[in-house]
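Dumped model-v1.txt below, it's compact mmCIF, C-alpha atoms and all ligand atoms:
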# COMPACT_ATOMS: atom_id res chain seq x y z
CA MET A 10 100.90 154.54 28.15
CA ASN A 11 99.69 151.54 30.20
CA THR A 12 96.17 150.34 29.56
CA MET A 13 93.84 150.94 32.50
CA ASN A 14 91.65 147.93 33.40
CA ILE A 15 88.23 149.07 34.56
CA THR A 16 85.30 147.54 36.40
CA ILE A 17 82.04 149.44 35.97
CA LEU A 18 79.58 148.77 38.78
CA GLY A 19 76.11 149.66 37.51
CA SER A 20 77.04 149.73 33.81
CA THR A 21 73.44 149.65 32.57
CA GLY A 22 72.51 152.88 34.38
CA SER A 23 72.83 156.48 33.33
CA ILE A 24 76.38 156.95 34.73
CA GLY A 25 77.41 153.47 33.60
CA MET A 26 76.38 154.20 30.01
CA SER A 27 78.12 157.58 30.00
CA THR A 28 81.27 155.87 31.31
CA LEU A 29 81.20 153.32 28.49
CA ASP A 30 80.71 156.14 25.99
CA VAL A 31 83.84 157.92 27.29
CA VAL A 32 85.92 154.74 27.54
CA ALA A 33 85.03 153.65 23.99
CA ARG A 34 86.56 156.89 22.64
CA GLN A 35 90.03 155.76 23.82
CA PRO A 36 90.29 151.98 23.23
CA GLU A 37 94.09 152.04 23.48
CA ARG A 38 93.91 153.64 26.90
CA PHE A 39 91.14 151.62 28.62
CA ARG A 40 90.13 147.99 28.82
CA VAL A 41 86.76 147.02 30.31
CA HIS A 42 87.41 144.16 32.71
CA ALA A 43 83.94 143.75 34.25
CA LEU A 44 80.45 145.15 33.88
CA THR A 45 77.70 144.72 36.47
CA ALA A 46 73.95 145.25 36.62
CA HIS A 47 70.91 144.32 38.63
CA ARG A 48 68.66 142.65 36.02
CA ASN A 49 68.59 144.50 32.68
CA VAL A 50 69.60 141.54 30.48
CA GLU A 51 69.03 143.13 27.09
CA ARG A 52 71.17 146.20 27.77
CA MET A 53 73.89 144.09 29.39
CA ARG A 54 73.93 141.76 26.38
CA GLU A 55 74.47 144.74 24.06
CA GLN A 56 77.20 146.12 26.32
CA CYS A 57 78.98 142.76 26.46
CA LEU A 58 78.93 142.40 22.69
CA ALA A 59 80.18 145.97 22.17
CA HIS A 60 82.86 146.09 24.91
CA ARG A 61 83.83 142.41 25.34
CA PRO A 62 84.46 142.43 29.13
CA GLU A 63 86.01 139.36 30.74
CA VAL A 64 83.26 139.22 33.35
CA ALA A 65 79.63 140.34 33.53
CA VAL A 66 77.71 140.22 36.81
CA MET A 67 73.92 140.13 36.97
CA VAL A 68 72.91 140.31 40.62
CA GLU A 69 69.66 138.47 39.99
CA PRO A 70 70.31 134.76 39.31
CA GLN A 71 67.57 134.45 36.65
CA ALA A 72 68.88 137.44 34.79
CA ALA A 73 72.37 135.87 34.91
CA GLU A 74 71.01 132.66 33.39
CA SER A 75 69.26 134.56 30.57
CA LEU A 76 72.44 136.55 29.88
CA ARG A 77 74.56 133.36 29.78
CA THR A 78 72.20 131.87 27.17
CA ALA A 79 72.10 135.08 25.11
CA LEU A 80 75.89 135.49 25.10
CA ALA A 81 76.51 131.84 24.24
CA ALA A 82 74.13 132.20 21.27
CA ALA A 83 76.12 135.24 20.11
CA GLY A 84 79.47 133.43 20.53
CA ALA A 85 80.72 135.89 23.20
CA GLU A 86 83.28 134.61 25.72
CA THR A 87 82.34 136.84 28.67
CA GLU A 88 82.05 134.87 31.91
CA VAL A 89 78.72 135.54 33.66
CA ARG A 90 78.60 135.60 37.46
CA THR A 91 75.74 136.29 39.85
CA GLY A 92 74.99 137.40 43.42
CA PRO A 93 75.98 140.44 45.47
CA GLU A 94 79.36 138.87 46.45
CA ALA A 95 80.32 138.79 42.78
CA LEU A 96 80.04 142.63 42.76
CA ALA A 97 82.67 142.98 45.48
CA ASP A 98 84.87 140.36 43.78
CA VAL A 99 85.06 142.24 40.46
CA ALA A 100 85.75 145.46 42.38
CA ARG A 101 88.76 144.05 44.27
CA GLU A 102 90.37 141.73 41.69
CA ALA A 103 94.14 142.26 41.37
CA ARG A 104 94.12 142.99 37.64
CA VAL A 105 91.60 145.85 38.08
CA ASP A 106 93.12 149.35 38.20
CA ALA A 107 89.99 151.50 38.44
CA VAL A 108 86.42 150.98 39.62
CA MET A 109 83.51 153.17 38.58
CA ALA A 110 81.09 152.97 41.53
CA ALA A 111 77.79 153.74 39.79
CA ILE A 112 75.26 151.46 41.45
CA VAL A 113 72.33 153.46 42.79
CA GLY A 114 71.56 153.39 46.51
CA ALA A 115 72.71 151.28 49.44
CA ALA A 116 73.37 148.28 47.16
CA GLY A 117 76.55 150.07 46.08
CA LEU A 118 78.09 150.19 49.55
CA LEU A 119 79.82 146.80 49.81
CA PRO A 120 81.46 146.74 46.36
CA THR A 121 82.55 150.39 46.71
CA LEU A 122 84.07 149.58 50.10
CA ALA A 123 85.78 146.53 48.56
CA ALA A 124 87.35 148.73 45.84
CA ALA A 125 88.54 151.24 48.46
CA GLU A 126 90.00 148.51 50.69
CA ALA A 127 91.85 147.04 47.69
CA GLY A 128 93.51 150.42 47.01
CA LYS A 129 91.97 151.02 43.58
CA ARG A 130 91.36 154.26 41.74
CA VAL A 131 87.75 154.65 42.91
CA LEU A 132 85.54 156.85 40.74
CA LEU A 133 82.72 157.60 43.14
CA ALA A 134 79.26 158.28 41.72
CA ASN A 135 77.43 156.23 44.38
CA LYS A 136 77.05 159.04 46.93
CA GLU A 137 74.79 156.86 49.08
CA ALA A 138 77.83 154.73 50.08
CA LEU A 139 79.49 157.81 51.56
CA VAL A 140 76.29 159.04 53.21
CA MET A 141 75.75 155.64 54.87
CA SER A 142 79.26 155.03 56.06
CA GLY A 143 81.57 157.92 55.30
CA ALA A 144 83.72 157.12 58.33
CA LEU A 145 84.39 153.54 57.18
CA LEU A 146 84.88 154.39 53.51
CA MET A 147 87.30 157.26 54.16
CA ASP A 148 89.18 155.12 56.65
CA ALA A 149 89.56 152.39 54.04
CA VAL A 150 90.83 154.96 51.51
CA ARG A 151 93.43 156.30 53.97
CA ARG A 152 94.62 152.84 55.01
CA SER A 153 94.91 151.35 51.52
CA GLY A 154 96.12 154.49 49.74
CA ALA A 155 93.24 154.22 47.26
CA CYS A 156 92.81 157.22 44.96
CA LEU A 157 89.27 158.47 45.50
CA LEU A 158 87.97 160.76 42.74
CA PRO A 159 84.49 162.29 42.86
CA ILE A 160 82.15 161.82 39.89
CA ASP A 161 79.19 163.77 41.25
CA SER A 162 79.45 166.90 39.09
CA GLU A 163 79.54 169.31 42.07
CA HIS A 164 82.21 167.38 43.96
CA ASN A 165 84.23 166.84 40.84
CA ALA A 166 84.03 170.60 40.23
CA ILE A 167 85.19 171.32 43.80
CA PHE A 168 88.05 168.85 43.39
CA GLN A 169 89.05 170.64 40.18
CA CYS A 170 89.03 173.99 42.04
CA LEU A 171 91.43 172.67 44.72
CA PRO A 172 95.22 172.84 44.35
CA ASN A 173 97.19 170.17 42.47
CA GLY A 174 98.23 167.43 44.84
CA TYR A 175 95.10 167.68 46.97
CA VAL A 176 93.72 164.24 47.84
CA CYS A 177 90.17 163.50 48.95
CA ALA A 178 89.72 162.73 52.67
CA GLU A 179 92.27 165.45 53.52
CA SER A 180 90.99 168.78 54.91
CA VAL A 181 90.84 171.67 52.42
CA THR A 182 91.32 174.27 55.18
CA PRO A 183 95.16 174.17 55.26
CA HIS A 184 95.05 174.88 51.51
CA GLY A 185 93.42 178.24 52.24
CA ALA A 186 89.92 177.12 51.19
CA ARG A 187 87.38 178.81 53.43
CA ARG A 188 83.99 177.99 51.95
CA ILE A 189 82.48 175.61 49.41
CA TRP A 190 79.61 176.87 47.25
CA LEU A 191 77.57 173.83 46.27
CA THR A 192 75.31 174.63 43.32
CA ALA A 193 71.83 173.13 42.84
CA SER A 194 69.53 173.56 39.85
CA GLY A 195 66.41 173.48 42.04
CA GLY A 196 64.98 170.64 39.90
CA PRO A 197 61.68 170.65 38.04
CA PHE A 198 59.61 172.22 40.86
CA ARG A 199 61.65 175.33 41.61
CA ASP A 200 58.73 177.55 40.58
CA ARG A 201 55.74 175.20 40.99
CA PRO A 202 53.08 176.44 43.45
CA LEU A 203 53.64 174.71 46.80
CA GLY A 204 49.94 173.87 47.16
CA SER A 205 50.11 171.53 44.15
CA PHE A 206 53.02 169.37 45.40
CA GLY A 207 50.70 166.56 46.55
CA GLY A 208 49.59 165.83 43.00
CA ILE A 209 53.08 165.52 41.48
CA THR A 210 53.45 162.36 39.37
CA PRO A 211 56.59 160.19 39.04
CA ASP A 212 57.04 161.25 35.41
CA GLU A 213 56.86 164.94 36.35
CA ALA A 214 59.41 164.40 39.13
CA CYS A 215 61.77 162.54 36.77
CA ALA A 216 61.69 165.23 34.08
CA HIS A 217 64.73 167.20 35.22
CA PRO A 218 65.18 170.48 33.32
CA ASN A 219 68.98 170.18 32.79
CA TRP A 220 70.21 166.63 33.55
CA ASP A 221 69.20 163.23 32.19
CA MET A 222 69.61 160.81 35.12
CA GLY A 223 68.28 157.60 36.69
CA ARG A 224 64.82 157.78 38.31
CA LYS A 225 65.91 157.65 41.96
CA ILE A 226 68.38 160.55 41.73
CA SER A 227 65.85 162.49 39.60
CA VAL A 228 63.29 162.30 42.42
CA ASP A 229 66.04 163.22 44.90
CA SER A 230 66.78 166.29 42.77
CA ALA A 231 63.10 167.26 42.77
CA THR A 232 62.86 167.06 46.59
CA MET A 233 66.42 168.43 46.92
CA MET A 234 67.36 165.45 49.08
CA ASN A 235 70.02 165.00 46.40
CA LYS A 236 71.60 168.27 47.53
CA GLY A 237 71.28 167.17 51.16
CA LEU A 238 73.10 163.91 50.35
CA GLU A 239 75.69 165.98 48.49
CA VAL A 240 76.32 168.24 51.50
CA ILE A 241 77.04 165.09 53.53
CA GLU A 242 79.19 163.75 50.67
CA ALA A 243 81.20 167.00 50.58
CA CYS A 244 81.79 166.93 54.35
CA TRP A 245 83.45 163.52 54.01
CA LEU A 246 85.34 164.06 50.76
CA PHE A 247 86.83 167.42 51.74
CA ALA A 248 86.91 166.93 55.54
CA VAL A 249 84.98 170.12 56.32
CA PRO A 250 82.17 170.88 58.80
CA PRO A 251 78.65 171.47 57.40
CA ALA A 252 78.97 175.20 58.19
CA ALA A 253 81.73 175.51 55.57
CA ILE A 254 79.30 174.47 52.81
CA GLN A 255 76.78 176.86 51.30
CA VAL A 256 74.07 175.53 48.99
CA VAL A 257 73.09 177.96 46.25
CA LEU A 258 70.38 177.63 43.59
CA HIS A 259 71.75 178.05 40.10
CA PRO A 260 69.02 177.18 37.58
CA GLN A 261 71.31 177.09 34.51
CA SER A 262 73.53 174.22 35.81
CA ILE A 263 76.60 175.72 34.13
CA VAL A 264 78.67 176.50 37.24
CA HIS A 265 79.05 173.07 38.84
CA SER A 266 80.35 174.39 42.19
CA MET A 267 82.92 176.81 43.61
CA VAL A 268 85.63 177.15 46.26
CA ALA A 269 86.19 180.45 48.08
CA TYR A 270 89.72 181.09 49.39
CA ASP A 271 91.10 183.16 52.28
CA ASP A 272 92.45 185.84 49.91
CA GLY A 273 88.99 186.58 48.45
CA SER A 274 89.41 184.45 45.31
CA VAL A 275 86.52 182.23 44.24
CA LEU A 276 87.36 179.43 41.80
CA ALA A 277 84.53 177.86 39.81
CA GLN A 278 84.33 175.00 37.32
CA LEU A 279 81.98 175.58 34.37
CA GLY A 280 80.75 173.31 31.62
CA ASN A 281 77.68 172.01 29.83
CA PRO A 282 75.61 169.72 32.07
CA ASP A 283 76.88 166.35 30.82
CA MET A 284 78.30 163.71 33.20
CA ARG A 285 80.89 162.65 30.63
CA THR A 286 83.00 165.67 31.72
CA PRO A 287 83.52 164.57 35.36
CA ILE A 288 83.81 160.95 34.22
CA ALA A 289 86.57 161.78 31.70
CA HIS A 290 88.25 164.04 34.26
CA ALA A 291 88.44 161.26 36.85
CA LEU A 292 89.49 158.61 34.33
CA ALA A 293 92.35 160.71 32.93
CA TRP A 294 93.37 162.53 36.12
CA PRO A 295 95.89 164.14 36.51
CA GLU A 296 95.82 164.48 32.72
CA ARG A 297 92.93 165.62 30.51
CA MET A 298 91.26 163.84 27.63
CA GLU A 299 88.35 164.04 25.17
CA SER A 300 84.94 163.28 26.64
CA GLY A 301 82.61 163.89 23.71
CA VAL A 302 81.01 166.87 25.51
CA GLU A 303 80.23 169.98 23.45
CA PRO A 304 82.42 172.90 24.53
CA LEU A 305 80.67 175.67 26.43
CA ASP A 306 79.91 178.71 24.29
CA LEU A 307 80.17 181.71 26.63
CA LEU A 308 78.77 184.05 23.97
CA THR A 309 75.44 182.22 23.63
CA MET A 310 75.14 181.10 27.24
CA GLY A 311 73.01 184.01 28.46
CA LYS A 312 72.86 184.91 32.14
CA LEU A 313 73.98 182.92 35.15
CA GLU A 314 71.74 183.32 38.22
CA PHE A 315 72.23 182.44 41.88
CA PHE A 316 69.53 182.33 44.60
CA GLU A 317 69.11 181.13 48.14
CA PRO A 318 67.00 177.90 48.36
CA GLU A 319 63.59 178.29 50.10
CA ALA A 320 63.48 176.09 53.21
CA ALA A 321 59.70 175.55 52.97
CA ARG A 322 59.93 174.33 49.36
CA PHE A 323 62.74 171.89 50.05
CA PRO A 324 62.30 170.43 53.57
CA ALA A 325 64.44 167.42 52.61
CA LEU A 326 67.52 169.62 52.56
CA GLY A 327 66.92 170.59 56.20
CA LEU A 328 66.52 166.93 57.13
CA ALA A 329 69.98 166.17 55.72
CA TYR A 330 71.49 168.93 57.89
CA ARG A 331 69.62 167.55 60.87
CA ALA A 332 71.04 164.04 60.28
CA LEU A 333 74.55 165.49 59.88
CA GLU A 334 74.20 167.24 63.21
CA GLN A 335 73.02 164.03 64.90
CA GLY A 336 76.04 162.27 63.37
CA GLY A 337 76.90 158.56 63.56
CA THR A 338 74.31 156.29 61.98
CA ALA A 339 71.77 159.13 61.51
CA THR A 340 72.87 159.74 57.91
CA ALA A 341 72.49 156.01 57.13
CA VAL A 342 68.96 156.23 58.59
CA LEU A 343 68.24 159.32 56.46
CA ASN A 344 69.45 157.52 53.35
CA ALA A 345 67.49 154.32 54.00
CA ALA A 346 64.25 156.17 54.79
CA ASN A 347 64.70 158.27 51.66
CA GLU A 348 65.22 155.18 49.48
CA VAL A 349 62.06 153.57 50.88
CA ALA A 350 60.02 156.77 50.43
CA VAL A 351 61.28 157.42 46.89
CA GLU A 352 60.59 153.85 45.81
CA ALA A 353 57.06 154.10 47.26
CA PHE A 354 56.52 157.39 45.42
CA LEU A 355 57.75 155.89 42.12
CA ASP A 356 55.37 152.93 42.69
CA GLN A 357 52.55 155.40 43.39
CA ARG A 358 52.14 154.19 46.98
CA LEU A 359 53.12 157.58 48.48
CA ALA A 360 52.41 161.21 47.58
CA PHE A 361 55.44 163.32 46.61
CA SER A 362 54.66 165.80 49.39
CA GLU A 363 54.80 162.98 51.98
CA ILE A 364 58.40 161.94 51.22
CA PRO A 365 60.00 164.35 53.77
CA ALA A 366 57.47 163.37 56.47
CA VAL A 367 58.39 159.67 56.14
CA ILE A 368 62.08 160.53 56.49
CA ALA A 369 61.53 162.88 59.44
CA ALA A 370 59.44 160.30 61.31
CA THR A 371 62.11 157.64 60.76
CA LEU A 372 64.85 159.95 62.06
CA ASP A 373 62.65 160.74 65.09
CA ALA A 374 62.19 157.06 65.86
CA MET A 375 65.87 156.11 65.95
CA ASP A 376 68.81 157.15 68.11
CA ALA A 377 72.10 157.84 66.32
CA GLU A 378 74.83 155.34 67.18
CA PRO A 379 78.56 155.67 66.51
CA VAL A 380 79.69 154.24 63.17
CA ASP A 381 82.25 151.78 64.53
CA SER A 382 81.57 148.82 62.26
CA LEU A 383 79.87 147.84 59.04
CA ASP A 384 77.41 145.73 61.03
CA ARG A 385 76.32 148.83 62.91
CA VAL A 386 75.66 150.69 59.64
CA LEU A 387 73.82 147.77 58.05
CA GLY A 388 71.76 147.27 61.23
CA ALA A 389 70.69 150.94 61.22
CA ASP A 390 69.90 150.70 57.50
CA ARG A 391 67.69 147.61 58.05
CA ARG A 392 65.80 149.05 61.01
CA ALA A 393 65.27 152.40 59.23
CA ARG A 394 63.79 150.57 56.23
CA GLU A 395 61.30 148.77 58.50
CA ILE A 396 60.22 151.99 60.20
CA ALA A 397 60.00 153.92 56.95
CA GLY A 398 57.96 151.07 55.43
CA GLU A 399 55.46 151.36 58.30
CA GLN A 400 55.33 155.13 57.79
CA VAL A 401 54.62 154.67 54.08
CA ALA A 402 51.81 152.21 54.84
CA ASN A 403 50.15 154.82 57.09
CA ALA A 404 50.80 157.86 54.90
CA ARG A 405 48.71 159.40 52.15
CA LYS A 406 49.02 158.02 48.66
CA VAL A 407 47.83 161.06 46.78
CA VAL A 408 47.14 164.55 48.10
CA SER A 409 45.34 166.88 45.81
P1 LIG A 501 70.47 154.37 37.32
O1 LIG A 501 69.22 153.99 38.02
O2 LIG A 501 70.39 154.90 35.95
O3 LIG A 501 71.44 153.07 37.28
C1 LIG A 501 71.68 152.33 38.41
C2 LIG A 501 72.60 151.14 38.14
O4 LIG A 501 72.71 150.39 39.34
C3 LIG A 501 72.07 150.18 37.07
O5 LIG A 501 73.13 149.65 36.32
C4 LIG A 501 71.41 149.06 37.90
O6 LIG A 501 71.43 147.79 37.25
C5 LIG A 501 72.32 149.03 39.12
N1 LIG A 501 71.59 148.56 40.30
C6 LIG A 501 70.40 149.00 40.78
N2 LIG A 501 70.04 148.30 41.87
C7 LIG A 501 71.03 147.40 42.09
C8 LIG A 501 71.23 146.37 43.06
N3 LIG A 501 70.33 146.13 44.04
N4 LIG A 501 72.35 145.64 42.98
C9 LIG A 501 73.26 145.87 42.01
N5 LIG A 501 73.12 146.81 41.05
C10 LIG A 501 72.02 147.56 41.10
O7 LIG A 501 71.26 155.37 38.28
P2 LIG A 501 72.27 156.57 37.88
O8 LIG A 501 71.51 157.79 37.61
O9 LIG A 501 73.27 156.08 36.90
O10 LIG A 501 72.98 156.80 39.29
C11 LIG A 501 73.97 155.93 39.78
C12 LIG A 501 74.66 156.58 40.99
O11 LIG A 501 75.34 157.75 40.55
C13 LIG A 501 73.68 157.05 42.08
O12 LIG A 501 74.28 156.85 43.33
C14 LIG A 501 73.53 158.53 41.81
O13 LIG A 501 73.25 159.28 42.97
C15 LIG A 501 74.90 158.88 41.28
N6 LIG A 501 74.93 160.06 40.39
C16 LIG A 501 74.25 160.02 39.21
C17 LIG A 501 74.25 161.14 38.37
C18 LIG A 501 73.55 161.11 37.03
O14 LIG A 501 73.68 162.08 36.27
N7 LIG A 501 72.84 160.07 36.67
C19 LIG A 501 74.93 162.30 38.77
C20 LIG A 501 75.61 162.29 39.98
C21 LIG A 501 75.60 161.17 40.79
MG MG A 502 75.31 166.11 41.77
Before we go any further, please render this structure as structure tokens.
Ligand code: NAD
Ligand code: MG
Amino acid sequence: MNTMNITILGSTGSIGMSTLDVVARQPERFRVHALTAHRNVERMREQCLAHRPEVAVMVEPQAAESLRTALAAAGAETEVRTGPEALADVAREARVDAVMAAIVGAAGLLPTLAAAEAGKRVLLANKEALVMSGALLMDAVRRSGACLLPIDSEHNAIFQCLPNGYVCAESVTPHGARRIWLTASGGPFRDRPLGSFGGITPDEACAHPNWDMGRKISVDSATMMNKGLEVIEACWLFAVPPAAIQVVLHPQSIVHSMVAYDDGSVLAQLGNPDMRTPIAHALAWPERMESGVEPLDLLTMGKLEFFEPEAARFPALGLAYRALEQGGTATAVLNAANEVAVEAFLDQRLAFSEIPAVIAATLDAMDAEPVDSLDRVLGADRRAREIAGEQVANARKVVS
């Protein structure tokens, strides 16, 4: 078996660490070519010493300098690079076979696009890249022949429920798939009284009942914007209209999503909620390999429940549908406004209950334009951040 050379974008994050855990179980099968991070020097130093990549990228120049000094002191030979361009370089390098796209937010767009344009096996965790510029990313995949494999647990589950030979960016309809059931846990506030949403703290919002994730996606799960972003993600990956996707609350997070077929069959993928399963699936595809995840014990699992999400509890989900309907740059605007609002909430500059209002006002203020170039997407992203920033400045910090 040939060794697969991997670049992990965002290696110090939750998905990045799970990826390294999976890769380290099969040293003869995988070789870590490059690791990248924003500024967490200590964790990157540990990762470099444990996995000995050829290149490490720290986006922040000072962090790169500290890492260089720390690695030299430890006698490690990893080359340290810096700057956002270095991210795209390690994603497109000829010797790289696969790229794990696990940077959070819009910062992941350019290197993910670079990996797709270079025809790599792209393991896509960074859903924001697809939400911002699905048209450009899917176009790059089609033109280069890149193999795009979803890491998001729901989309990975859907992919697993589709026939062998199915490739992302192709429509599922000719395969007899009629509807996609996208499961959502409902996050930590599924049963919390609506009147108390204003007083929610960042730590409460980040305490997800089933999944251990980075802070931004944890807040997105609490507002259910995460599910909204995932509906958009599914539309691009599986080339289906929004009406073909049904979001369903499933508090146990055991069924990761389902595909309903024309003949009445519904295929589901089940497993314990641990991202190492989709990561191992995409790394080994079309084969299977060990991931370190405990097998599911059906006898002790208890009941599996499914409910319809309440629109009033999760207004962010409706905003995602609205942006999808507007089309073009509207989903990039949605994403940018959400990033600004979530960051403000985590910094305690915005009440949790005000997050959807900031996003709605930003969508109201901008017309959707066709996504015909990267400049158009980046321009919409920039402008949406300015408008959302103004909205945050005028909004309530805490609502009791
Ligand atoms: P995280 O916050 O734990 O890690 C983010 C990583 O991105 C870190 O390595 C950080 O250094 C890097 N990063 C942050 N800002 C950056 C910047 N400006 N430039 C370069 N690098 C930067 O996030 P996570 O939970 O691992 O999520 C990563 C992505 O995967 C997100 O898009 C998220 O939606 C998606 N995802 C995560 C999970 C999960 O279980 N954590 C599940 C599904 C999808
Ligand atoms: Mg998900």
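Counting from CA of Pro260 in chain A, the distance to CA of Lys225 in chain A is 20.3 Å.
Closest approach to Ile17 in chain A among A:Ile288, A:Ala79, A:Ala111, A:Ala248: A:Ala111, based on all atoms listed in the file.
Of the residues listed (A:Gly398, A:Pro287, A:Gly280, A:Gly143), A:Pro287 shows the shortest atom-to-atom separation from ligand MG 502 (chain A); distances use all atoms listed in the file.
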Let me see if you get this right: every residue at most 7 Å from ligand MG 502 (chain A), counting only C-alpha atoms and all ligand atoms, written as a short mmCIF file (atom, residue, chain, number, x, y, z; two decimals) with C-alpha atoms, in the coordinates of the input.
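Now in out.cif:
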data_model
loop_
_atom_site.label_atom_id
_atom_site.label_comp_id
_atom_site.auth_asym_id
_atom_site.auth_seq_id
_atom_site.Cartn_x
_atom_site.Cartn_y
_atom_site.Cartn_z
CA ASP A 161 79.19 163.77 41.25
CA SER A 162 79.45 166.90 39.09
CA GLU A 163 79.54 169.31 42.07
CA GLU A 239 75.69 165.98 48.49
#
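Residue nearest ligand LIG 501 (chain A), chosen from A:Arg224, A:Arg130, A:His217, A:His184 and counting only C-alpha atoms and all ligand atoms: A:Arg224.
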